Every structure is written in C-alpha cells, then in structure tokens.
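The structure file data.cif is reproduced below (mmCIF, N, CA and C atoms and all ligand atoms).
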```cif
data_structure
#
loop_
_atom_site.label_atom_id
_atom_site.label_comp_id
_atom_site.auth_asym_id
_atom_site.auth_seq_id
_atom_site.Cartn_x
_atom_site.Cartn_y
_atom_site.Cartn_z
N MET V 1 -4.89 102.89 17.37
CA MET V 1 -6.08 103.74 17.55
C MET V 1 -6.56 103.66 18.99
N HIS V 2 -6.60 102.45 19.52
CA HIS V 2 -7.04 102.26 20.90
C HIS V 2 -6.13 102.99 21.88
N LYS V 3 -4.83 102.91 21.64
CA LYS V 3 -3.86 103.57 22.51
C LYS V 3 -4.09 105.08 22.53
N TRP V 4 -4.39 105.62 21.37
CA TRP V 4 -4.63 107.06 21.23
C TRP V 4 -5.83 107.48 22.08
N THR V 5 -6.90 106.67 22.07
CA THR V 5 -8.09 106.96 22.87
C THR V 5 -7.74 106.97 24.36
N MET V 6 -6.97 105.94 24.74
CA MET V 6 -6.55 105.86 26.15
C MET V 6 -5.79 107.11 26.56
N PHE V 7 -4.92 107.55 25.66
CA PHE V 7 -4.11 108.73 25.97
C PHE V 7 -4.99 109.96 26.18
N VAL V 8 -5.98 110.13 25.31
CA VAL V 8 -6.88 111.29 25.41
C VAL V 8 -7.65 111.24 26.72
N VAL V 9 -8.15 110.06 27.08
CA VAL V 9 -8.91 109.92 28.33
C VAL V 9 -8.01 110.24 29.53
N PHE V 10 -6.80 109.71 29.48
CA PHE V 10 -5.86 109.94 30.57
C PHE V 10 -5.52 111.43 30.69
N ALA V 11 -5.27 112.07 29.55
CA ALA V 11 -4.92 113.49 29.56
C ALA V 11 -6.08 114.32 30.09
N ALA V 12 -7.30 113.96 29.70
CA ALA V 12 -8.47 114.70 30.17
C ALA V 12 -8.62 114.56 31.68
N ALA V 13 -8.39 113.36 32.19
CA ALA V 13 -8.49 113.13 33.62
C ALA V 13 -7.43 113.92 34.38
N ALA V 14 -6.22 113.95 33.80
CA ALA V 14 -5.13 114.69 34.43
C ALA V 14 -5.44 116.18 34.47
N LEU V 15 -5.95 116.69 33.36
CA LEU V 15 -6.31 118.11 33.30
C LEU V 15 -7.40 118.44 34.30
N LEU V 16 -8.37 117.54 34.42
CA LEU V 16 -9.48 117.76 35.34
C LEU V 16 -8.97 117.81 36.78
N SER V 17 -8.05 116.90 37.13
CA SER V 17 -7.56 116.89 38.51
C SER V 17 -6.73 118.12 38.80
N VAL V 18 -5.96 118.59 37.79
CA VAL V 18 -5.20 119.82 37.99
C VAL V 18 -6.17 120.99 38.20
N TYR V 19 -7.24 121.02 37.40
CA TYR V 19 -8.25 122.07 37.53
C TYR V 19 -8.86 122.05 38.93
N LEU V 20 -9.23 120.86 39.41
CA LEU V 20 -9.87 120.75 40.72
C LEU V 20 -8.91 121.16 41.83
N LEU V 21 -7.65 120.75 41.69
CA LEU V 21 -6.66 121.11 42.70
C LEU V 21 -6.46 122.62 42.76
N THR V 22 -6.50 123.24 41.58
CA THR V 22 -6.24 124.68 41.52
C THR V 22 -7.44 125.49 41.95
N PHE V 23 -8.60 125.16 41.41
CA PHE V 23 -9.77 126.00 41.65
C PHE V 23 -10.70 125.43 42.73
N GLY V 24 -10.44 124.22 43.16
CA GLY V 24 -11.28 123.62 44.20
C GLY V 24 -10.90 124.11 45.58
N LEU V 25 -9.70 124.66 45.72
CA LEU V 25 -9.19 125.03 47.03
C LEU V 25 -10.02 126.05 47.82
N PRO V 26 -10.51 127.13 47.20
CA PRO V 26 -11.22 128.14 47.98
C PRO V 26 -12.44 127.59 48.72
N GLU V 27 -12.93 126.43 48.36
CA GLU V 27 -14.09 125.89 49.05
C GLU V 27 -13.73 125.15 50.33
N LYS V 28 -12.44 124.91 50.51
CA LYS V 28 -12.00 124.27 51.75
C LYS V 28 -12.17 125.24 52.91
N PRO V 29 -12.14 124.73 54.16
CA PRO V 29 -12.23 125.64 55.30
C PRO V 29 -11.10 126.66 55.26
N LYS V 30 -11.36 127.83 55.80
CA LYS V 30 -10.39 128.92 55.73
C LYS V 30 -9.06 128.51 56.35
N ASP V 31 -8.02 128.73 55.61
CA ASP V 31 -6.69 128.38 56.09
C ASP V 31 -5.87 129.65 56.23
N GLU V 32 -5.64 130.08 57.48
CA GLU V 32 -4.95 131.35 57.73
C GLU V 32 -3.51 131.32 57.24
N SER V 33 -2.94 130.12 57.12
CA SER V 33 -1.54 130.07 56.72
C SER V 33 -1.37 130.36 55.23
N ALA V 34 -2.49 130.36 54.48
CA ALA V 34 -2.42 130.57 53.04
C ALA V 34 -1.87 131.95 52.69
N GLY V 35 -2.33 132.99 53.40
CA GLY V 35 -1.90 134.35 53.08
C GLY V 35 -0.66 134.79 53.83
N LEU V 36 0.01 133.83 54.43
CA LEU V 36 1.15 134.13 55.28
C LEU V 36 2.39 134.44 54.45
N PRO V 37 3.07 135.55 54.74
CA PRO V 37 4.31 135.83 54.02
C PRO V 37 5.32 134.71 54.27
N GLU V 38 6.19 134.51 53.30
CA GLU V 38 7.12 133.40 53.42
C GLU V 38 8.04 133.59 54.64
N GLY V 39 8.27 132.50 55.36
CA GLY V 39 9.15 132.56 56.52
C GLY V 39 8.45 132.99 57.79
N THR V 40 7.14 133.29 57.69
CA THR V 40 6.39 133.73 58.87
C THR V 40 5.73 132.52 59.53
N GLN V 41 5.88 132.47 60.85
CA GLN V 41 5.26 131.38 61.61
C GLN V 41 3.84 131.79 61.98
N LEU V 42 2.96 130.82 62.05
CA LEU V 42 1.59 131.11 62.44
C LEU V 42 1.35 130.64 63.86
N LEU V 43 0.89 131.57 64.70
CA LEU V 43 0.54 131.20 66.07
C LEU V 43 -0.95 131.49 66.25
N LYS V 44 -1.74 130.44 66.18
CA LYS V 44 -3.18 130.62 66.30
C LYS V 44 -3.59 130.25 67.72
N VAL V 45 -4.23 131.18 68.39
CA VAL V 45 -4.65 130.96 69.77
C VAL V 45 -6.17 130.99 69.82
N GLN V 46 -6.75 129.91 70.29
CA GLN V 46 -8.20 129.87 70.42
C GLN V 46 -8.57 130.05 71.88
N ALA V 47 -9.47 131.00 72.13
CA ALA V 47 -9.89 131.29 73.50
C ALA V 47 -11.32 130.85 73.69
N SER V 48 -11.58 130.27 74.86
CA SER V 48 -12.96 129.92 75.21
C SER V 48 -13.13 130.23 76.69
N ASN V 49 -14.31 129.99 77.23
CA ASN V 49 -14.57 130.24 78.67
C ASN V 49 -14.00 129.11 79.50
N TYR V 50 -13.00 129.20 80.29
CA TYR V 50 -12.09 130.31 80.49
C TYR V 50 -10.67 129.78 80.34
N GLU V 51 -10.32 129.49 79.12
CA GLU V 51 -8.96 129.01 78.88
C GLU V 51 -8.57 129.21 77.42
N PHE V 52 -7.27 129.15 77.20
CA PHE V 52 -6.76 129.12 75.84
C PHE V 52 -6.59 127.67 75.43
N ASN V 53 -6.57 127.41 74.14
CA ASN V 53 -6.58 126.01 73.69
C ASN V 53 -5.29 125.25 74.01
N GLU V 54 -4.22 125.97 74.33
CA GLU V 54 -2.99 125.29 74.75
C GLU V 54 -2.46 125.96 76.01
N LYS V 55 -1.77 125.18 76.82
CA LYS V 55 -1.11 125.75 78.00
C LYS V 55 0.24 126.34 77.59
N GLU V 56 0.80 125.78 76.52
CA GLU V 56 2.11 126.21 76.05
C GLU V 56 2.09 126.37 74.54
N TYR V 57 2.59 127.49 74.08
CA TYR V 57 2.74 127.70 72.64
C TYR V 57 4.23 127.84 72.36
N HIS V 58 4.63 127.42 71.20
CA HIS V 58 6.05 127.47 70.86
C HIS V 58 6.27 128.21 69.54
N VAL V 59 7.24 129.12 69.54
CA VAL V 59 7.66 129.75 68.29
C VAL V 59 9.18 129.85 68.29
N LYS V 60 9.72 130.17 67.13
CA LYS V 60 11.17 130.31 67.03
C LYS V 60 11.57 131.77 67.14
N ALA V 61 12.69 131.99 67.80
CA ALA V 61 13.22 133.35 67.94
C ALA V 61 13.78 133.84 66.61
N GLY V 62 13.68 135.16 66.40
CA GLY V 62 14.32 135.76 65.24
C GLY V 62 13.56 135.63 63.93
N GLU V 63 12.41 134.95 63.96
CA GLU V 63 11.59 134.81 62.75
C GLU V 63 10.23 135.42 63.01
N PRO V 64 9.69 136.12 62.00
CA PRO V 64 8.39 136.76 62.22
C PRO V 64 7.30 135.76 62.58
N VAL V 65 6.40 136.20 63.46
CA VAL V 65 5.27 135.38 63.89
C VAL V 65 3.99 136.16 63.64
N ARG V 66 3.03 135.52 63.02
CA ARG V 66 1.70 136.12 62.92
C ARG V 66 0.83 135.49 64.00
N ILE V 67 0.38 136.33 64.92
CA ILE V 67 -0.46 135.84 66.01
C ILE V 67 -1.92 136.12 65.66
N ILE V 68 -2.74 135.09 65.74
CA ILE V 68 -4.16 135.25 65.44
C ILE V 68 -4.97 134.77 66.63
N LEU V 69 -5.88 135.61 67.08
CA LEU V 69 -6.76 135.25 68.20
C LEU V 69 -8.13 134.87 67.64
N GLN V 70 -8.61 133.74 68.11
CA GLN V 70 -9.94 133.28 67.71
C GLN V 70 -10.75 133.03 68.96
N ASN V 71 -11.87 133.70 69.08
CA ASN V 71 -12.75 133.47 70.22
C ASN V 71 -13.75 132.37 69.90
N LYS V 72 -13.63 131.25 70.61
CA LYS V 72 -14.54 130.13 70.38
C LYS V 72 -15.82 130.30 71.20
N SER V 73 -15.66 130.80 72.41
CA SER V 73 -16.83 131.11 73.23
C SER V 73 -16.45 132.27 74.13
N GLY V 74 -17.39 133.17 74.35
CA GLY V 74 -17.10 134.35 75.14
C GLY V 74 -16.27 135.35 74.35
N LEU V 75 -16.01 136.49 74.98
CA LEU V 75 -15.20 137.52 74.34
C LEU V 75 -13.93 137.68 75.15
N HIS V 76 -12.82 137.30 74.54
CA HIS V 76 -11.56 137.34 75.26
C HIS V 76 -10.53 138.14 74.50
N GLY V 77 -9.50 138.50 75.22
CA GLY V 77 -8.39 139.21 74.61
C GLY V 77 -7.14 138.36 74.76
N LEU V 78 -6.10 138.82 74.13
CA LEU V 78 -4.83 138.10 74.23
C LEU V 78 -3.72 139.13 74.34
N GLU V 79 -3.07 139.13 75.49
CA GLU V 79 -2.02 140.11 75.70
C GLU V 79 -0.70 139.43 75.99
N ILE V 80 0.34 139.92 75.32
CA ILE V 80 1.72 139.51 75.63
C ILE V 80 2.45 140.82 75.87
N LYS V 81 2.57 141.19 77.15
CA LYS V 81 3.09 142.51 77.50
C LYS V 81 4.47 142.78 76.92
N GLU V 82 5.38 141.80 77.09
CA GLU V 82 6.77 142.00 76.66
C GLU V 82 6.88 142.27 75.16
N ALA V 83 5.88 141.81 74.41
CA ALA V 83 5.96 141.96 72.96
C ALA V 83 5.02 143.06 72.47
N ASN V 84 4.37 143.76 73.43
CA ASN V 84 3.46 144.83 73.06
C ASN V 84 2.30 144.33 72.21
N VAL V 85 1.83 143.14 72.50
CA VAL V 85 0.73 142.56 71.74
C VAL V 85 -0.51 142.59 72.62
N ASN V 86 -1.59 143.14 72.06
CA ASN V 86 -2.87 143.10 72.77
C ASN V 86 -3.98 142.93 71.75
N LEU V 87 -4.48 141.73 71.65
CA LEU V 87 -5.50 141.42 70.67
C LEU V 87 -6.86 141.28 71.34
N ASN V 88 -7.91 141.53 70.56
CA ASN V 88 -9.27 141.33 71.06
C ASN V 88 -10.19 141.04 69.88
N GLN V 89 -11.47 141.05 70.15
CA GLN V 89 -12.45 140.68 69.12
C GLN V 89 -12.37 141.56 67.86
N GLU V 90 -12.03 142.85 68.05
CA GLU V 90 -11.97 143.76 66.90
C GLU V 90 -10.62 143.72 66.20
N ASN V 91 -9.62 143.40 66.98
CA ASN V 91 -8.25 143.46 66.48
C ASN V 91 -7.62 142.09 66.74
N THR V 92 -7.76 141.17 65.78
CA THR V 92 -7.48 139.77 66.05
C THR V 92 -6.11 139.30 65.57
N GLN V 93 -5.32 140.20 65.00
CA GLN V 93 -4.09 139.74 64.38
C GLN V 93 -2.93 140.69 64.62
N ALA V 94 -1.75 140.12 64.85
CA ALA V 94 -0.55 140.95 65.02
C ALA V 94 0.65 140.21 64.48
N ASP V 95 1.56 140.97 63.89
CA ASP V 95 2.82 140.40 63.41
C ASP V 95 3.95 140.88 64.31
N VAL V 96 4.66 139.94 64.89
CA VAL V 96 5.78 140.30 65.76
C VAL V 96 6.96 139.36 65.51
N THR V 97 8.12 139.83 65.93
CA THR V 97 9.30 138.97 65.89
C THR V 97 9.90 138.96 67.29
N PHE V 98 10.05 137.78 67.84
CA PHE V 98 10.67 137.66 69.16
C PHE V 98 12.17 137.46 68.96
N ASP V 99 12.94 138.46 69.40
CA ASP V 99 14.38 138.36 69.19
C ASP V 99 15.05 137.52 70.27
N LYS V 100 14.48 137.58 71.48
CA LYS V 100 15.12 136.87 72.60
C LYS V 100 14.37 135.61 72.96
N PRO V 101 15.07 134.48 72.98
CA PRO V 101 14.43 133.25 73.44
C PRO V 101 14.03 133.41 74.90
N GLY V 102 13.01 132.70 75.30
CA GLY V 102 12.57 132.78 76.69
C GLY V 102 11.11 132.40 76.82
N THR V 103 10.59 132.60 78.00
CA THR V 103 9.21 132.26 78.27
C THR V 103 8.41 133.54 78.50
N TYR V 104 7.39 133.70 77.73
CA TYR V 104 6.58 134.90 77.80
C TYR V 104 5.19 134.53 78.32
N GLU V 105 4.65 135.39 79.17
CA GLU V 105 3.29 135.11 79.64
C GLU V 105 2.28 135.67 78.67
N LEU V 106 1.26 134.89 78.49
CA LEU V 106 0.20 135.25 77.55
C LEU V 106 -1.10 135.16 78.35
N HIS V 107 -1.86 136.23 78.41
CA HIS V 107 -3.08 136.19 79.22
C HIS V 107 -4.21 136.96 78.57
N CYS V 108 -5.38 136.72 79.09
CA CYS V 108 -6.59 137.39 78.59
C CYS V 108 -6.56 138.85 79.04
N SER V 109 -6.92 139.76 78.14
CA SER V 109 -6.87 141.18 78.46
C SER V 109 -8.26 141.82 78.47
N VAL V 110 -9.28 141.02 78.38
CA VAL V 110 -10.65 141.54 78.41
C VAL V 110 -11.36 140.90 79.60
N LEU V 111 -11.98 141.74 80.44
CA LEU V 111 -12.71 141.20 81.59
C LEU V 111 -13.87 140.36 81.08
N CYS V 112 -13.68 139.04 81.11
CA CYS V 112 -14.62 138.18 80.41
C CYS V 112 -15.54 137.41 81.34
N GLY V 113 -15.27 137.43 82.64
CA GLY V 113 -16.15 136.71 83.55
C GLY V 113 -15.38 136.08 84.69
N SER V 114 -16.03 135.13 85.33
CA SER V 114 -15.50 134.57 86.59
C SER V 114 -14.14 133.91 86.45
N GLY V 115 -13.85 133.38 85.29
CA GLY V 115 -12.59 132.65 85.14
C GLY V 115 -11.47 133.48 84.54
N HIS V 116 -11.73 134.79 84.42
CA HIS V 116 -10.79 135.66 83.73
C HIS V 116 -9.36 135.57 84.25
N ALA V 117 -9.22 135.60 85.59
CA ALA V 117 -7.88 135.64 86.19
C ALA V 117 -7.09 134.36 85.89
N ASP V 118 -7.78 133.29 85.56
CA ASP V 118 -7.09 132.02 85.31
C ASP V 118 -6.70 131.83 83.84
N MET V 119 -7.09 132.78 83.01
CA MET V 119 -6.81 132.61 81.59
C MET V 119 -5.37 133.01 81.28
N LYS V 120 -4.49 132.05 81.53
CA LYS V 120 -3.07 132.30 81.29
C LYS V 120 -2.44 131.10 80.61
N SER V 121 -1.57 131.39 79.68
CA SER V 121 -0.76 130.34 79.07
C SER V 121 0.64 130.90 78.91
N VAL V 122 1.55 130.09 78.45
CA VAL V 122 2.88 130.61 78.21
C VAL V 122 3.27 130.43 76.75
N LEU V 123 4.08 131.36 76.30
CA LEU V 123 4.63 131.28 74.97
C LEU V 123 6.13 131.05 75.13
N ILE V 124 6.61 129.96 74.58
CA ILE V 124 8.03 129.65 74.69
C ILE V 124 8.72 129.95 73.37
N VAL V 125 9.63 130.90 73.45
CA VAL V 125 10.39 131.29 72.26
C VAL V 125 11.73 130.56 72.30
N GLU V 126 11.97 129.77 71.27
CA GLU V 126 13.16 128.90 71.27
C GLU V 126 14.22 129.39 70.31
CU CU H 1 -10.70 137.46 80.32
#
```
Step by step, read the file and then write its structure as structure tokens.
Amino acid sequence: MHKWTMFVVFAAAALLSVYLLTFGLPEKPKDESAGLPEGTQLLKVQASNYEFNEKEYHVKAGEPVRIILQNKSGLHGLEIKEANVNLNQENTQADVTFDKPGTYELHCSVLCGSGHADMKSVLIVE
C-alpha cells in the first residue's frame, strides 16, 4: 500500500514537471531561435551608439541565415551590400544564404550621429 502511494506521488510530480516544461516556456525571455526553420542559422546583431556588439560575426556558407537587427541604443541600420541586406528599425529581419565563403563588410546604413562612419563589423562566411 505504501509503495502504491509513493508511485502516485512520483507520477504526479513527473506530470507536473512535464506540464511546467511544456507550458512554462512562453514566460521565458523571447527566444528568436524558437521560430527558426530547421537548418537555419541565427545571426543576431545588436547595435548601440556607435558600434555593433561584435567586431566579427561568423556563419556557414550554403546554409540559410536569419539576420536580426536589434537596436539597443540609438536608431541604426545594418547593411551587407554583397548580400543585398539592408535592415533598420522598421525592417529588422532578413533571410539570406551566403553561397561563397569570404569576408563581408557589415555597416550601419542609417545616419545615426557622430560615430556613424565607425559602425563597421565583418561577417565571415566559412
Ligand atoms: Cu549609423
């Protein structure tokens, strides 16, 4: 009889944790990779006055990349000329595939202030 009680308690705890894992997720901070199609790489670029959060970004050639621009401070754009990508505050997301490995320049495309010309990073496609 005692064993049976233990089993019920254990099963209830297991069910509760499965429930929390399943339905507790939406309360976590927004995770952009959640809605990502399978096989797509996520390239999140955060812009602030007057720099991007990384000097170098890396993606793989031949696989789709979802580029997301996030403005942390100021209003900035993100342009990668060779890939025809130009993101800004209204248009923050683009899906591209880089077929050729190499180094691509990534720069701000919105006149954002005194440090605008220095807002450059590189994207390395491997
Ligand atoms: Cu700028």
Of the listed residues V:Lys44, V:Lys100, V:Lys81, V:His107, that which approaches ligand CU 1 (chain H) most closely, counting only N, CA and C atoms and all ligand atoms
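Counting only N, CA and C atoms and all ligand atoms, the residue closest to ligand CU 1 (chain H) is V:His107.
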Counting only C-alpha atoms and all ligand atoms, which residues of chain V sit at most 10 Å from some atom of ligand CU 1 (chain H), and what is each one's closest atom pair with its distance in Å to one decimal, listed by chain and rising residue number, as CSV?
```
residue,atom,partner,partner_atom,distance
V:Ala47,CA,H:CU1,CU,9.2
V:Ser48,CA,H:CU1,CU,9.4
V:Asn49,CA,H:CU1,CU,8.4
V:Tyr50,CA,H:CU1,CU,7.3
V:Glu51,CA,H:CU1,CU,8.7
V:Gly74,CA,H:CU1,CU,8.8
V:Leu75,CA,H:CU1,CU,7.5
V:His76,CA,H:CU1,CU,5.1
V:Gly77,CA,H:CU1,CU,6.4
V:Leu78,CA,H:CU1,CU,8.5
V:His107,CA,H:CU1,CU,7.8
V:Cys108,CA,H:CU1,CU,4.5
V:Ser109,CA,H:CU1,CU,5.7
V:Val110,CA,H:CU1,CU,4.5
V:Leu111,CA,H:CU1,CU,4.4
V:Cys112,CA,H:CU1,CU,4.0
V:Gly113,CA,H:CU1,CU,6.4
V:Ser114,CA,H:CU1,CU,8.4
V:Gly115,CA,H:CU1,CU,7.1
V:His116,CA,H:CU1,CU,3.9
V:Ala117,CA,H:CU1,CU,6.8
V:Asp118,CA,H:CU1,CU,8.2
V:Met119,CA,H:CU1,CU,6.3
V:Lys120,CA,H:CU1,CU,9.3
```
With only N, CA and C atoms as the counted atoms, please give the residues lying no more than 6 Å from V:Glu105, apart from itself and same-chain residues fewer than 5 positions off, as a CSV table (one decimal) with N, CA and C atoms, in the frame of the given file.
```csv
chain,number,residue,atom,x,y,z
V,79,GLU,N,-3.1,139.1,75.5
V,79,GLU,CA,-2.0,140.1,75.7
V,79,GLU,C,-0.7,139.4,76.0
V,80,ILE,N,0.3,139.9,75.3
V,80,ILE,CA,1.7,139.5,75.6
V,80,ILE,C,2.4,140.8,75.9
V,81,LYS,N,2.6,141.2,77.2
V,81,LYS,CA,3.1,142.5,77.5
V,81,LYS,C,4.5,142.8,76.9
V,121,SER,N,-1.6,131.4,79.7
V,121,SER,CA,-0.8,130.3,79.1
V,121,SER,C,0.6,130.9,78.9
V,122,VAL,N,1.6,130.1,78.4
V,122,VAL,CA,2.9,130.6,78.2
V,122,VAL,C,3.3,130.4,76.8
V,123,LEU,N,4.1,131.4,76.3
V,123,LEU,CA,4.6,131.3,75.0
V,123,LEU,C,6.1,131.0,75.1
```
Could you give me the residues within stretch 13-68 of chain V that DSSP places in helix (DSSP H, G or I), as a VMD selection string?
chain V and resid 13 to 23 25 to 27 32 to 35
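Minimum distance to V:Glu38 across V:Asn71, V:Leu16, V:Pro64, V:Asn91 (counting all atoms listed in the file) occurs at V:Pro64.
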For the structure I just gave you, how does DSSP split stretch 45-110 of chain V - specifically, which residues are strand (DSSP E or B)? Reply as a ChimeraX atom specification.
/V:45-48,51-52,56-59,64-71,78-80,85-87,93-97,102-107
